[in-house]
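data-v7.pdb, holding PDB, C-alpha atoms and all ligand atoms:
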ATOM      1  CA  MET A1187     126.486  78.055  82.071  1.00  0.00           C
ATOM      2  CA  ALA A1188     129.604  79.448  80.405  1.00  0.00           C
ATOM      3  CA  VAL A1189     130.539  79.704  76.758  1.00  0.00           C
ATOM      4  CA  GLY A1190     134.164  79.470  75.682  1.00  0.00           C
ATOM      5  CA  ILE A1191     135.155  81.768  72.822  1.00  0.00           C
ATOM      6  CA  LEU A1192     138.226  80.780  70.848  1.00  0.00           C
ATOM      7  CA  ALA A1193     140.318  83.959  71.069  1.00  0.00           C
ATOM      8  CA  LEU A1194     143.455  83.226  69.085  1.00  0.00           C
ATOM      9  CA  GLN A1195     142.716  85.677  66.291  1.00  0.00           C
ATOM     10  CA  GLY A1196     139.801  87.353  64.520  1.00  0.00           C
ATOM     11  CA  ALA A1197     136.410  88.641  65.686  1.00  0.00           C
ATOM     12  CA  PHE A1198     136.226  87.066  69.157  1.00  0.00           C
ATOM     13  CA  ALA A1199     135.592  90.309  71.075  1.00  0.00           C
ATOM     14  CA  GLU A1200     132.431  90.974  69.067  1.00  0.00           C
ATOM     15  CA  HIS A1201     131.009  87.590  70.091  1.00  0.00           C
ATOM     16  CA  ALA A1202     131.836  88.387  73.718  1.00  0.00           C
ATOM     17  CA  ALA A1203     129.904  91.655  73.388  1.00  0.00           C
ATOM     18  CA  VAL A1204     126.801  89.816  72.110  1.00  0.00           C
ATOM     19  CA  LEU A1205     126.963  87.340  75.004  1.00  0.00           C
ATOM     20  CA  ASP A1206     127.360  90.247  77.447  1.00  0.00           C
ATOM     21  CA  LYS A1207     124.205  91.804  76.023  1.00  0.00           C
ATOM     22  CA  LEU A1208     122.381  88.504  76.488  1.00  0.00           C
ATOM     23  CA  GLY A1209     123.756  88.144  80.032  1.00  0.00           C
ATOM     24  CA  VAL A1210     125.553  84.890  79.247  1.00  0.00           C
ATOM     25  CA  PRO A1211     128.835  84.184  81.079  1.00  0.00           C
ATOM     26  CA  HIS A1212     131.769  83.545  78.778  1.00  0.00           C
ATOM     27  CA  PHE A1213     135.533  83.229  78.780  1.00  0.00           C
ATOM     28  CA  GLU A1214     138.321  83.422  76.229  1.00  0.00           C
ATOM     29  CA  ILE A1215     140.268  80.388  75.099  1.00  0.00           C
ATOM     30  CA  ARG A1216     143.849  81.425  74.389  1.00  0.00           C
ATOM     31  CA  GLN A1217     145.870  78.581  75.852  1.00  0.00           C
ATOM     32  CA  LYS A1218     145.444  75.031  77.037  1.00  0.00           C
ATOM     33  CA  ARG A1219     144.806  75.820  80.690  1.00  0.00           C
ATOM     34  CA  ASP A1220     141.763  77.880  79.652  1.00  0.00           C
ATOM     35  CA  LEU A1221     140.109  74.548  78.879  1.00  0.00           C
ATOM     36  CA  ASP A1222     140.224  73.539  82.551  1.00  0.00           C
ATOM     37  CA  GLN A1223     137.116  75.552  83.362  1.00  0.00           C
ATOM     38  CA  PRO A1224     133.599  74.229  82.776  1.00  0.00           C
ATOM     39  CA  MET A1225     132.381  74.977  79.259  1.00  0.00           C
ATOM     40  CA  ASN A1226     128.827  74.387  77.989  1.00  0.00           C
ATOM     41  CA  GLY A1227     129.351  75.769  74.520  1.00  0.00           C
ATOM     42  CA  LEU A1228     132.107  76.899  72.180  1.00  0.00           C
ATOM     43  CA  ILE A1229     132.199  79.783  69.699  1.00  0.00           C
ATOM     44  CA  ILE A1230     134.766  79.737  66.904  1.00  0.00           C
ATOM     45  CA  PRO A1231     134.850  83.248  65.420  1.00  0.00           C
ATOM     46  CA  GLY A1232     135.580  84.623  61.994  1.00  0.00           C
ATOM     47  CA  GLY A1233     139.081  85.627  61.084  1.00  0.00           C
ATOM     48  CA  GLU A1234     141.635  83.754  59.055  1.00  0.00           C
ATOM     49  CA  SER A1235     141.031  80.011  59.102  1.00  0.00           C
ATOM     50  CA  THR A1236     144.559  79.025  58.033  1.00  0.00           C
ATOM     51  CA  VAL A1237     146.081  81.032  60.895  1.00  0.00           C
ATOM     52  CA  MET A1238     143.635  79.629  63.464  1.00  0.00           C
ATOM     53  CA  ASN A1239     144.237  76.091  62.219  1.00  0.00           C
ATOM     54  CA  LYS A1240     147.984  76.544  62.695  1.00  0.00           C
ATOM     55  CA  LEU A1241     147.674  78.168  66.149  1.00  0.00           C
ATOM     56  CA  LEU A1242     145.230  75.516  67.403  1.00  0.00           C
ATOM     57  CA  ARG A1243     147.880  72.880  66.762  1.00  0.00           C
ATOM     58  CA  GLU A1244     150.857  74.947  68.002  1.00  0.00           C
ATOM     59  CA  LEU A1245     149.070  75.764  71.253  1.00  0.00           C
ATOM     60  CA  ASP A1246     147.982  72.147  71.717  1.00  0.00           C
ATOM     61  CA  LEU A1247     144.286  73.057  71.804  1.00  0.00           C
ATOM     62  CA  TYR A1248     143.314  71.034  68.762  1.00  0.00           C
ATOM     63  CA  ASP A1249     142.890  67.498  70.181  1.00  0.00           C
ATOM     64  CA  THR A1250     140.927  68.524  73.281  1.00  0.00           C
ATOM     65  CA  LEU A1251     138.556  70.803  71.378  1.00  0.00           C
ATOM     66  CA  ARG A1252     137.973  68.237  68.634  1.00  0.00           C
ATOM     67  CA  GLU A1253     137.218  65.509  71.189  1.00  0.00           C
ATOM     68  CA  ARG A1254     134.765  67.765  73.010  1.00  0.00           C
ATOM     69  CA  ILE A1255     132.943  68.723  69.823  1.00  0.00           C
ATOM     70  CA  GLN A1256     132.722  65.078  68.857  1.00  0.00           C
ATOM     71  CA  SER A1257     131.376  64.247  72.315  1.00  0.00           C
ATOM     72  CA  GLY A1258     128.520  66.710  71.789  1.00  0.00           C
ATOM     73  CA  LEU A1259     129.746  70.100  73.043  1.00  0.00           C
ATOM     74  CA  PRO A1260     127.537  72.678  71.273  1.00  0.00           C
ATOM     75  CA  VAL A1261     129.688  74.683  68.870  1.00  0.00           C
ATOM     76  CA  PHE A1262     128.941  77.800  66.825  1.00  0.00           C
ATOM     77  CA  GLY A1263     131.336  78.512  63.954  1.00  0.00           C
ATOM     78  CA  THR A1264     131.064  81.817  62.112  1.00  0.00           C
ATOM     79  CA  CYS A1265     132.784  82.382  58.782  1.00  0.00           C
ATOM     80  CA  ALA A1266     136.384  81.180  59.334  1.00  0.00           C
ATOM     81  CA  GLY A1267     134.980  79.249  62.326  1.00  0.00           C
ATOM     82  CA  LEU A1268     132.650  77.386  59.992  1.00  0.00           C
ATOM     83  CA  ILE A1269     135.578  76.577  57.697  1.00  0.00           C
ATOM     84  CA  LEU A1270     137.369  75.012  60.684  1.00  0.00           C
ATOM     85  CA  LEU A1271     134.398  72.696  61.331  1.00  0.00           C
ATOM     86  CA  ALA A1272     133.999  71.470  57.731  1.00  0.00           C
ATOM     87  CA  LYS A1273     135.019  67.970  56.712  1.00  0.00           C
ATOM     88  CA  GLN A1274     135.939  69.143  53.221  1.00  0.00           C
ATOM     89  CA  ILE A1275     137.505  72.388  52.000  1.00  0.00           C
ATOM     90  CA  ASP A1276     137.875  72.847  48.260  1.00  0.00           C
ATOM     91  CA  GLY A1277     141.599  73.034  47.629  1.00  0.00           C
ATOM     92  CA  GLY A1278     142.391  73.192  51.353  1.00  0.00           C
ATOM     93  CA  ILE A1279     143.162  71.046  54.363  1.00  0.00           C
ATOM     94  CA  PRO A1280     140.343  70.503  56.887  1.00  0.00           C
ATOM     95  CA  CYS A1281     140.885  71.445  60.534  1.00  0.00           C
ATOM     96  CA  PHE A1282     138.460  69.855  63.015  1.00  0.00           C
ATOM     97  CA  SER A1283     136.774  67.947  60.211  1.00  0.00           C
ATOM     98  CA  VAL A1284     133.579  67.298  62.168  1.00  0.00           C
ATOM     99  CA  MET A1285     130.735  68.751  60.083  1.00  0.00           C
ATOM    100  CA  ASP A1286     129.367  67.039  56.969  1.00  0.00           C
ATOM    101  CA  ILE A1287     129.743  70.042  54.726  1.00  0.00           C
ATOM    102  CA  ARG A1288     132.016  70.995  51.842  1.00  0.00           C
ATOM    103  CA  VAL A1289     133.087  74.623  51.757  1.00  0.00           C
ATOM    104  CA  LYS A1290     134.894  76.898  49.360  1.00  0.00           C
ATOM    105  CA  ARG A1291     136.891  79.724  50.931  1.00  0.00           C
ATOM    106  CA  ASN A1292     136.650  83.320  49.685  1.00  0.00           C
ATOM    107  CA  ALA A1293     133.806  82.215  47.443  1.00  0.00           C
ATOM    108  CA  TYR A1294     132.475  85.625  46.452  1.00  0.00           C
ATOM    109  CA  GLY A1295     135.513  86.978  44.646  1.00  0.00           C
ATOM    110  CA  ARG A1296     137.209  90.317  45.244  1.00  0.00           C
ATOM    111  CA  GLN A1297     134.437  92.670  44.172  1.00  0.00           C
ATOM    112  CA  LEU A1298     131.719  91.025  46.212  1.00  0.00           C
ATOM    113  CA  GLY A1299     134.033  89.936  49.000  1.00  0.00           C
ATOM    114  CA  SER A1300     132.068  91.883  51.603  1.00  0.00           C
ATOM    115  CA  PHE A1301     128.386  92.794  51.520  1.00  0.00           C
ATOM    116  CA  ARG A1302     125.254  92.980  53.652  1.00  0.00           C
ATOM    117  CA  THR A1303     121.807  91.643  53.004  1.00  0.00           C
ATOM    118  CA  LYS A1304     118.857  90.106  54.871  1.00  0.00           C
ATOM    119  CA  GLY A1305     117.374  86.655  54.701  1.00  0.00           C
ATOM    120  CA  GLN A1306     115.379  83.902  56.306  1.00  0.00           C
ATOM    121  CA  VAL A1307     117.020  81.353  58.585  1.00  0.00           C
ATOM    122  CA  ALA A1308     115.130  78.175  59.452  1.00  0.00           C
ATOM    123  CA  GLY A1309     114.022  78.253  63.081  1.00  0.00           C
ATOM    124  CA  ILE A1310     114.127  82.064  63.345  1.00  0.00           C
ATOM    125  CA  ASP A1311     111.088  84.313  62.831  1.00  0.00           C
ATOM    126  CA  GLY A1312     111.454  87.296  60.526  1.00  0.00           C
ATOM    127  CA  GLU A1313     114.389  88.486  58.468  1.00  0.00           C
ATOM    128  CA  VAL A1314     117.892  88.164  59.774  1.00  0.00           C
ATOM    129  CA  PRO A1315     120.649  90.675  58.913  1.00  0.00           C
ATOM    130  CA  LEU A1316     123.486  88.921  57.103  1.00  0.00           C
ATOM    131  CA  THR A1317     126.944  90.478  56.929  1.00  0.00           C
ATOM    132  CA  PHE A1318     129.480  88.739  54.701  1.00  0.00           C
ATOM    133  CA  ILE A1319     133.222  89.443  54.864  1.00  0.00           C
ATOM    134  CA  ARG A1320     135.437  87.511  52.443  1.00  0.00           C
ATOM    135  CA  ALA A1321     132.960  84.760  53.119  1.00  0.00           C
ATOM    136  CA  PRO A1322     133.161  81.096  52.299  1.00  0.00           C
ATOM    137  CA  ARG A1323     130.355  79.278  50.582  1.00  0.00           C
ATOM    138  CA  ILE A1324     128.832  76.017  51.778  1.00  0.00           C
ATOM    139  CA  VAL A1325     128.982  74.123  48.505  1.00  0.00           C
ATOM    140  CA  GLU A1326     127.325  70.983  49.797  1.00  0.00           C
ATOM    141  CA  VAL A1327     125.693  69.591  52.922  1.00  0.00           C
ATOM    142  CA  HIS A1328     125.470  65.841  53.302  1.00  0.00           C
ATOM    143  CA  GLY A1329     125.141  63.162  55.986  1.00  0.00           C
ATOM    144  CA  ASP A1330     123.386  64.596  59.034  1.00  0.00           C
ATOM    145  CA  ALA A1331     124.046  68.240  58.156  1.00  0.00           C
ATOM    146  CA  LYS A1332     121.060  70.341  57.101  1.00  0.00           C
ATOM    147  CA  ALA A1333     121.030  73.699  55.331  1.00  0.00           C
ATOM    148  CA  LEU A1334     119.293  76.439  57.373  1.00  0.00           C
ATOM    149  CA  ALA A1335     119.548  79.383  55.006  1.00  0.00           C
ATOM    150  CA  GLU A1336     120.386  80.327  51.439  1.00  0.00           C
ATOM    151  CA  VAL A1337     121.234  83.606  49.744  1.00  0.00           C
ATOM    152  CA  ASP A1338     121.023  83.675  45.942  1.00  0.00           C
ATOM    153  CA  GLY A1339     121.011  79.897  45.831  1.00  0.00           C
ATOM    154  CA  ARG A1340     124.085  79.596  48.034  1.00  0.00           C
ATOM    155  CA  ILE A1341     123.883  77.893  51.414  1.00  0.00           C
ATOM    156  CA  VAL A1342     124.947  80.313  54.160  1.00  0.00           C
ATOM    157  CA  ALA A1343     123.982  78.423  57.332  1.00  0.00           C
ATOM    158  CA  ALA A1344     123.892  74.778  58.362  1.00  0.00           C
ATOM    159  CA  ARG A1345     123.301  72.668  61.418  1.00  0.00           C
ATOM    160  CA  GLN A1346     124.333  69.170  62.340  1.00  0.00           C
ATOM    161  CA  GLY A1347     123.258  68.081  65.814  1.00  0.00           C
ATOM    162  CA  ASN A1348     125.396  70.086  68.260  1.00  0.00           C
ATOM    163  CA  GLN A1349     127.098  72.056  65.479  1.00  0.00           C
ATOM    164  CA  LEU A1350     125.844  75.341  64.038  1.00  0.00           C
ATOM    165  CA  GLY A1351     127.794  77.065  61.277  1.00  0.00           C
ATOM    166  CA  VAL A1352     127.218  80.241  59.286  1.00  0.00           C
ATOM    167  CA  THR A1353     129.235  81.860  56.503  1.00  0.00           C
ATOM    168  CA  PHE A1354     128.350  85.368  57.704  1.00  0.00           C
ATOM    169  CA  HIS A1355     129.067  87.464  60.835  1.00  0.00           C
ATOM    170  CA  PRO A1356     126.032  87.601  63.171  1.00  0.00           C
ATOM    171  CA  GLU A1357     128.256  89.101  65.893  1.00  0.00           C
ATOM    172  CA  LEU A1358     128.554  92.309  63.829  1.00  0.00           C
ATOM    173  CA  ASP A1359     124.807  92.987  63.686  1.00  0.00           C
ATOM    174  CA  ASP A1360     122.473  94.150  66.417  1.00  0.00           C
ATOM    175  CA  ASP A1361     120.197  91.160  66.056  1.00  0.00           C
ATOM    176  CA  ALA A1362     121.276  88.413  68.473  1.00  0.00           C
ATOM    177  CA  CYS A1363     118.893  85.787  67.075  1.00  0.00           C
ATOM    178  CA  LEU A1364     121.615  83.416  65.867  1.00  0.00           C
ATOM    179  CA  HIS A1365     123.396  83.520  69.203  1.00  0.00           C
ATOM    180  CA  GLU A1366     120.041  82.796  70.834  1.00  0.00           C
ATOM    181  CA  LEU A1367     119.555  79.822  68.517  1.00  0.00           C
ATOM    182  CA  PHE A1368     122.995  78.580  69.521  1.00  0.00           C
ATOM    183  CA  LEU A1369     122.293  79.090  73.235  1.00  0.00           C
ATOM    184  CA  GLN A1370     119.158  76.950  72.920  1.00  0.00           C
ATOM    185  CA  MET A1371     121.437  74.146  71.769  1.00  0.00           C
TER     186      MET A1371
HETATM  187  N1  LIG B   1     138.416  84.331  54.220  1.00  0.00           N
HETATM  188  C1  LIG B   1     138.606  83.868  55.567  1.00  0.00           C
HETATM  189  C2  LIG B   1     139.184  82.452  55.584  1.00  0.00           C
HETATM  190  O1  LIG B   1     139.196  81.792  54.579  1.00  0.00           O
HETATM  191  C3  LIG B   1     137.306  83.878  56.327  1.00  0.00           C
HETATM  192  C4  LIG B   1     136.826  85.303  56.436  1.00  0.00           C
HETATM  193  C5  LIG B   1     136.108  85.628  57.706  1.00  0.00           C
HETATM  194  O2  LIG B   1     136.123  84.883  58.674  1.00  0.00           O
HETATM  195  N2  LIG B   1     135.519  86.783  57.694  1.00  0.00           N
HETATM  196  O3  LIG B   1     139.619  82.026  56.591  1.00  0.00           O
END
Could I get this file's structure written as structure tokens?
Ligand code: GLN
Amino acid sequence: MAVGILALQGAFAEHAAVLDKLGVPHFEIRQKRDLDQPMNGLIIPGGESTVMNKLLRELDLYDTLRERIQSGLPVFGTCAGLILLAKQIDGGIPCFSVMDIRVKRNAYGRQLGSFRTKGQVAGIDGEVPLTFIRAPRIVEVHGDAKALAEVDGRIVAARQGNQLGVTFHPELDDDACLHELFLQM
């Protein structure tokens, strides 16, 4: 098994460190030929969604990755990565447009742009650390997408079949439970 981590920009190295801790082989996706190797799962990290959207197209990674996600490749999008999966972005242009969620970018304003808390996530025992950095908000889940967690009435995690998306940064906390949930997929 090997997990591809989109490594164009953002917090990809932190995801690699979590997979190392879990003993899961992984590789970075920086250019098209990186997609030639077998991939059982894909992580799209946090960072800046507009930049990643642009680079995905410029580097000709977009069509192949979208097709694979649509064919069932398990994908884990964190923060900006979740934004890239969403079918609707308030005031923005969707990227992969594969997950039945509507998101709002930078939804917590300047003051509360970054904060940490703990919460429950469906399918995980105990409290999960939640680190938010200029986080989006999942405004709505519809179709086959289901909310997995809420903080203060705002949806912060969702799943739709092979797609798992969170508005926070599980790769920055010691608890690997969300990566483990993804690896089960
Ligand atoms: N604000 C970023 C965006 O809209 C996401 C922030 C993050 O990934 N930490 O792309």
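For ligand LIG 1 (chain B), the protein and nucleic acid residues at most 8 Å away, judged by all atoms listed in the file, amount to Gly1196, Ala1197, Pro1231, Gly1232, Gly1233, Glu1234, Ser1235, Thr1236, Val1237, Thr1264, Cys1265, Ala1266, Gly1267, Ile1269, Arg1291, Asn1292, Phe1318, Ile1319, Arg1320, Ala1321, Pro1322, Thr1353, Phe1354 and His1355 of chain A.
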List the residues matched by the PyMOL selection byres (((chain A and resi 1241) around 12) and not hetatm) in the displayed structure as a PDB file with C-alpha atoms, keeping the file's coordinate frame, ordered by chain and then by residue number.
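As a result, out.pdb now contains:
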ATOM      1  CA  LEU A1192     138.226  80.780  70.848  1.00  0.00           C
ATOM      2  CA  ALA A1193     140.318  83.959  71.069  1.00  0.00           C
ATOM      3  CA  LEU A1194     143.455  83.226  69.085  1.00  0.00           C
ATOM      4  CA  GLN A1195     142.716  85.677  66.291  1.00  0.00           C
ATOM      5  CA  ILE A1215     140.268  80.388  75.099  1.00  0.00           C
ATOM      6  CA  ARG A1216     143.849  81.425  74.389  1.00  0.00           C
ATOM      7  CA  GLN A1217     145.870  78.581  75.852  1.00  0.00           C
ATOM      8  CA  LYS A1218     145.444  75.031  77.037  1.00  0.00           C
ATOM      9  CA  GLU A1234     141.635  83.754  59.055  1.00  0.00           C
ATOM     10  CA  SER A1235     141.031  80.011  59.102  1.00  0.00           C
ATOM     11  CA  THR A1236     144.559  79.025  58.033  1.00  0.00           C
ATOM     12  CA  VAL A1237     146.081  81.032  60.895  1.00  0.00           C
ATOM     13  CA  MET A1238     143.635  79.629  63.464  1.00  0.00           C
ATOM     14  CA  ASN A1239     144.237  76.091  62.219  1.00  0.00           C
ATOM     15  CA  LYS A1240     147.984  76.544  62.695  1.00  0.00           C
ATOM     16  CA  LEU A1242     145.230  75.516  67.403  1.00  0.00           C
ATOM     17  CA  ARG A1243     147.880  72.880  66.762  1.00  0.00           C
ATOM     18  CA  GLU A1244     150.857  74.947  68.002  1.00  0.00           C
ATOM     19  CA  LEU A1245     149.070  75.764  71.253  1.00  0.00           C
ATOM     20  CA  ASP A1246     147.982  72.147  71.717  1.00  0.00           C
ATOM     21  CA  LEU A1247     144.286  73.057  71.804  1.00  0.00           C
ATOM     22  CA  TYR A1248     143.314  71.034  68.762  1.00  0.00           C
ATOM     23  CA  CYS A1281     140.885  71.445  60.534  1.00  0.00           C
TER      24      CYS A1281
END
- Note on the structure: With distances taken over only C-alpha atoms, the candidate from A:Thr1250, A:Val1189, A:Leu1208, A:Val1337 nearest Asp1361 (chain A) is A:Leu1208
- Message: Starting from the PyMOL selection byres (((chain A and resi 1342) around 7) and not hetatm), expand the selection into actual residues of this file and give them as a VMD selection string.
- Response: chain A and resid 1323 to 1324 1335 to 1337 1340 to 1341 1343 1352 to 1353
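Of the residues listed (A:Phe1213, A:Tyr1294, A:Phe1282, A:Phe1368), A:Phe1282 shows the shortest atom-to-atom separation from Arg1252 (chain A); distances use all atoms listed in the file.
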- Item | Residue members of the PyMOL selection byres (((chain A and resi 1330) around 10) and not hetatm) in the file shown, as a PyMOL selection string | chain A and resi 1285-1287+1327-1329+1331-1332+1345-1347
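In terms of minimum interatomic distance to Gly1277 (chain A), A:Val1289 ranks closest within A:Asp1360, A:Leu1205, A:Val1325, A:Val1289, counting all atoms listed in the file.
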- Query: Between CA of Leu1268 (chain A) and CA of Val1204 (chain A), what is the spacing in Å?
  - Reply: 18.3 Å
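Going from CA of Ile1275 (chain A) to CA of Gln1370 (chain A) covers 28.2 Å.
Once Met1187 (chain A) and its same-chain neighbours fewer than 2 positions away are set aside, Val1189, Gly1190, Leu1205, Gly1209, Val1210, Pro1211, His1212, Phe1213, Gln1223, Pro1224, Met1225, Asn1226, Gly1227, Leu1228, Leu1369 and Gln1370 of chain A remain within 12 Å of it when counting only C-alpha atoms.
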Which residues, written as a PDB file with C-alpha atoms, keeping the file's coordinate frame, have at least one atom at most 7 Å from Pro1356 (chain A), with all atoms listed in the file counted and residues fewer than 3 positions away on the same chain left out?
ATOM      1  CA  LEU A1316     123.486  88.921  57.103  1.00  0.00           C
ATOM      2  CA  THR A1317     126.944  90.478  56.929  1.00  0.00           C
ATOM      3  CA  ASP A1359     124.807  92.987  63.686  1.00  0.00           C
ATOM      4  CA  LEU A1364     121.615  83.416  65.867  1.00  0.00           C
TER       5      LEU A1364
END
- Nearest candidate to Gly1263 (chain A) (options A:Ile1230, A:Ala1203, A:Cys1363, A:Leu1334; using only C-alpha atoms): A:Ile1230
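Nearest residue to Asp1338 (chain A) among A:Leu1271, A:Lys1290, A:Thr1303, A:Asp1249 is A:Thr1303, counting all atoms listed in the file.
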- Message: Report, in Å with one decimal, the straight-line distance from CA of Ile1310 (chain A) to CA of Ala1344 (chain A).
- Response: 13.2 Å
Just add all heavy atoms to region 1356-1364 of chain A and send it as a PDB file, keeping the file's coordinate frame.
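So the final result, stored in selection-v4.pdb, reads:
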ATOM      1  N   PRO A1356     127.155  87.127  62.357  1.00  0.00           N
ATOM      2  CA  PRO A1356     126.032  87.601  63.171  1.00  0.00           C
ATOM      3  C   PRO A1356     126.495  88.462  64.349  1.00  0.00           C
ATOM      4  O   PRO A1356     125.719  89.260  64.865  1.00  0.00           O
ATOM      5  CB  PRO A1356     125.368  86.307  63.667  1.00  0.00           C
ATOM      6  CG  PRO A1356     126.412  85.261  63.547  1.00  0.00           C
ATOM      7  CD  PRO A1356     127.294  85.669  62.400  1.00  0.00           C
ATOM      8  N   GLU A1357     127.752  88.329  64.747  1.00  0.00           N
ATOM      9  CA  GLU A1357     128.256  89.101  65.893  1.00  0.00           C
ATOM     10  C   GLU A1357     128.439  90.582  65.536  1.00  0.00           C
ATOM     11  O   GLU A1357     128.650  91.414  66.414  1.00  0.00           O
ATOM     12  CB  GLU A1357     129.571  88.497  66.418  1.00  0.00           C
ATOM     13  CG  GLU A1357     130.824  88.783  65.613  1.00  0.00           C
ATOM     14  CD  GLU A1357     130.933  87.981  64.312  1.00  0.00           C
ATOM     15  OE1 GLU A1357     129.989  87.258  63.955  1.00  0.00           O
ATOM     16  OE2 GLU A1357     131.977  88.116  63.640  1.00  0.00           O
ATOM     17  N   LEU A1358     128.365  90.913  64.242  1.00  0.00           N
ATOM     18  CA  LEU A1358     128.554  92.309  63.829  1.00  0.00           C
ATOM     19  C   LEU A1358     127.232  93.054  63.669  1.00  0.00           C
ATOM     20  O   LEU A1358     127.227  94.251  63.401  1.00  0.00           O
ATOM     21  CB  LEU A1358     129.339  92.377  62.513  1.00  0.00           C
ATOM     22  CG  LEU A1358     130.756  91.785  62.560  1.00  0.00           C
ATOM     23  CD1 LEU A1358     131.445  91.962  61.214  1.00  0.00           C
ATOM     24  CD2 LEU A1358     131.582  92.434  63.667  1.00  0.00           C
ATOM     25  N   ASP A1359     126.118  92.333  63.809  1.00  0.00           N
ATOM     26  CA  ASP A1359     124.807  92.987  63.686  1.00  0.00           C
ATOM     27  C   ASP A1359     124.131  93.055  65.040  1.00  0.00           C
ATOM     28  O   ASP A1359     124.478  92.325  65.964  1.00  0.00           O
ATOM     29  CB  ASP A1359     123.947  92.213  62.678  1.00  0.00           C
ATOM     30  CG  ASP A1359     124.380  92.496  61.249  1.00  0.00           C
ATOM     31  OD1 ASP A1359     124.295  93.665  60.844  1.00  0.00           O
ATOM     32  OD2 ASP A1359     124.837  91.565  60.568  1.00  0.00           O
ATOM     33  N   ASP A1360     123.158  93.944  65.141  1.00  0.00           N
ATOM     34  CA  ASP A1360     122.473  94.150  66.417  1.00  0.00           C
ATOM     35  C   ASP A1360     121.580  92.982  66.815  1.00  0.00           C
ATOM     36  O   ASP A1360     121.297  92.779  67.993  1.00  0.00           O
ATOM     37  CB  ASP A1360     121.607  95.418  66.339  1.00  0.00           C
ATOM     38  CG  ASP A1360     122.396  96.614  66.811  1.00  0.00           C
ATOM     39  OD1 ASP A1360     123.471  96.396  67.411  1.00  0.00           O
ATOM     40  OD2 ASP A1360     121.951  97.752  66.560  1.00  0.00           O
ATOM     41  N   ASP A1361     121.139  92.243  65.823  1.00  0.00           N
ATOM     42  CA  ASP A1361     120.197  91.160  66.056  1.00  0.00           C
ATOM     43  C   ASP A1361     120.925  89.923  66.619  1.00  0.00           C
ATOM     44  O   ASP A1361     121.827  89.398  65.978  1.00  0.00           O
ATOM     45  CB  ASP A1361     119.570  90.810  64.690  1.00  0.00           C
ATOM     46  CG  ASP A1361     118.357  89.935  64.838  1.00  0.00           C
ATOM     47  OD1 ASP A1361     118.356  89.110  65.764  1.00  0.00           O
ATOM     48  OD2 ASP A1361     117.423  90.084  64.031  1.00  0.00           O
ATOM     49  N   ALA A1362     120.560  89.528  67.828  1.00  0.00           N
ATOM     50  CA  ALA A1362     121.276  88.413  68.473  1.00  0.00           C
ATOM     51  C   ALA A1362     120.606  87.065  68.225  1.00  0.00           C
ATOM     52  O   ALA A1362     120.893  86.086  68.925  1.00  0.00           O
ATOM     53  CB  ALA A1362     121.386  88.677  69.965  1.00  0.00           C
ATOM     54  N   CYS A1363     119.723  87.002  67.214  1.00  0.00           N
ATOM     55  CA  CYS A1363     118.893  85.787  67.075  1.00  0.00           C
ATOM     56  C   CYS A1363     119.717  84.524  66.809  1.00  0.00           C
ATOM     57  O   CYS A1363     119.339  83.442  67.271  1.00  0.00           O
ATOM     58  CB  CYS A1363     117.835  85.983  65.997  1.00  0.00           C
ATOM     59  SG  CYS A1363     118.519  86.412  64.407  1.00  0.00           S
ATOM     60  N   LEU A1364     120.830  84.637  66.112  1.00  0.00           N
ATOM     61  CA  LEU A1364     121.615  83.416  65.867  1.00  0.00           C
ATOM     62  C   LEU A1364     122.338  82.952  67.129  1.00  0.00           C
ATOM     63  O   LEU A1364     122.463  81.757  67.380  1.00  0.00           O
ATOM     64  CB  LEU A1364     122.580  83.607  64.703  1.00  0.00           C
ATOM     65  CG  LEU A1364     121.826  83.313  63.397  1.00  0.00           C
ATOM     66  CD1 LEU A1364     122.245  84.203  62.289  1.00  0.00           C
ATOM     67  CD2 LEU A1364     121.905  81.854  63.019  1.00  0.00           C
TER      68      LEU A1364
END
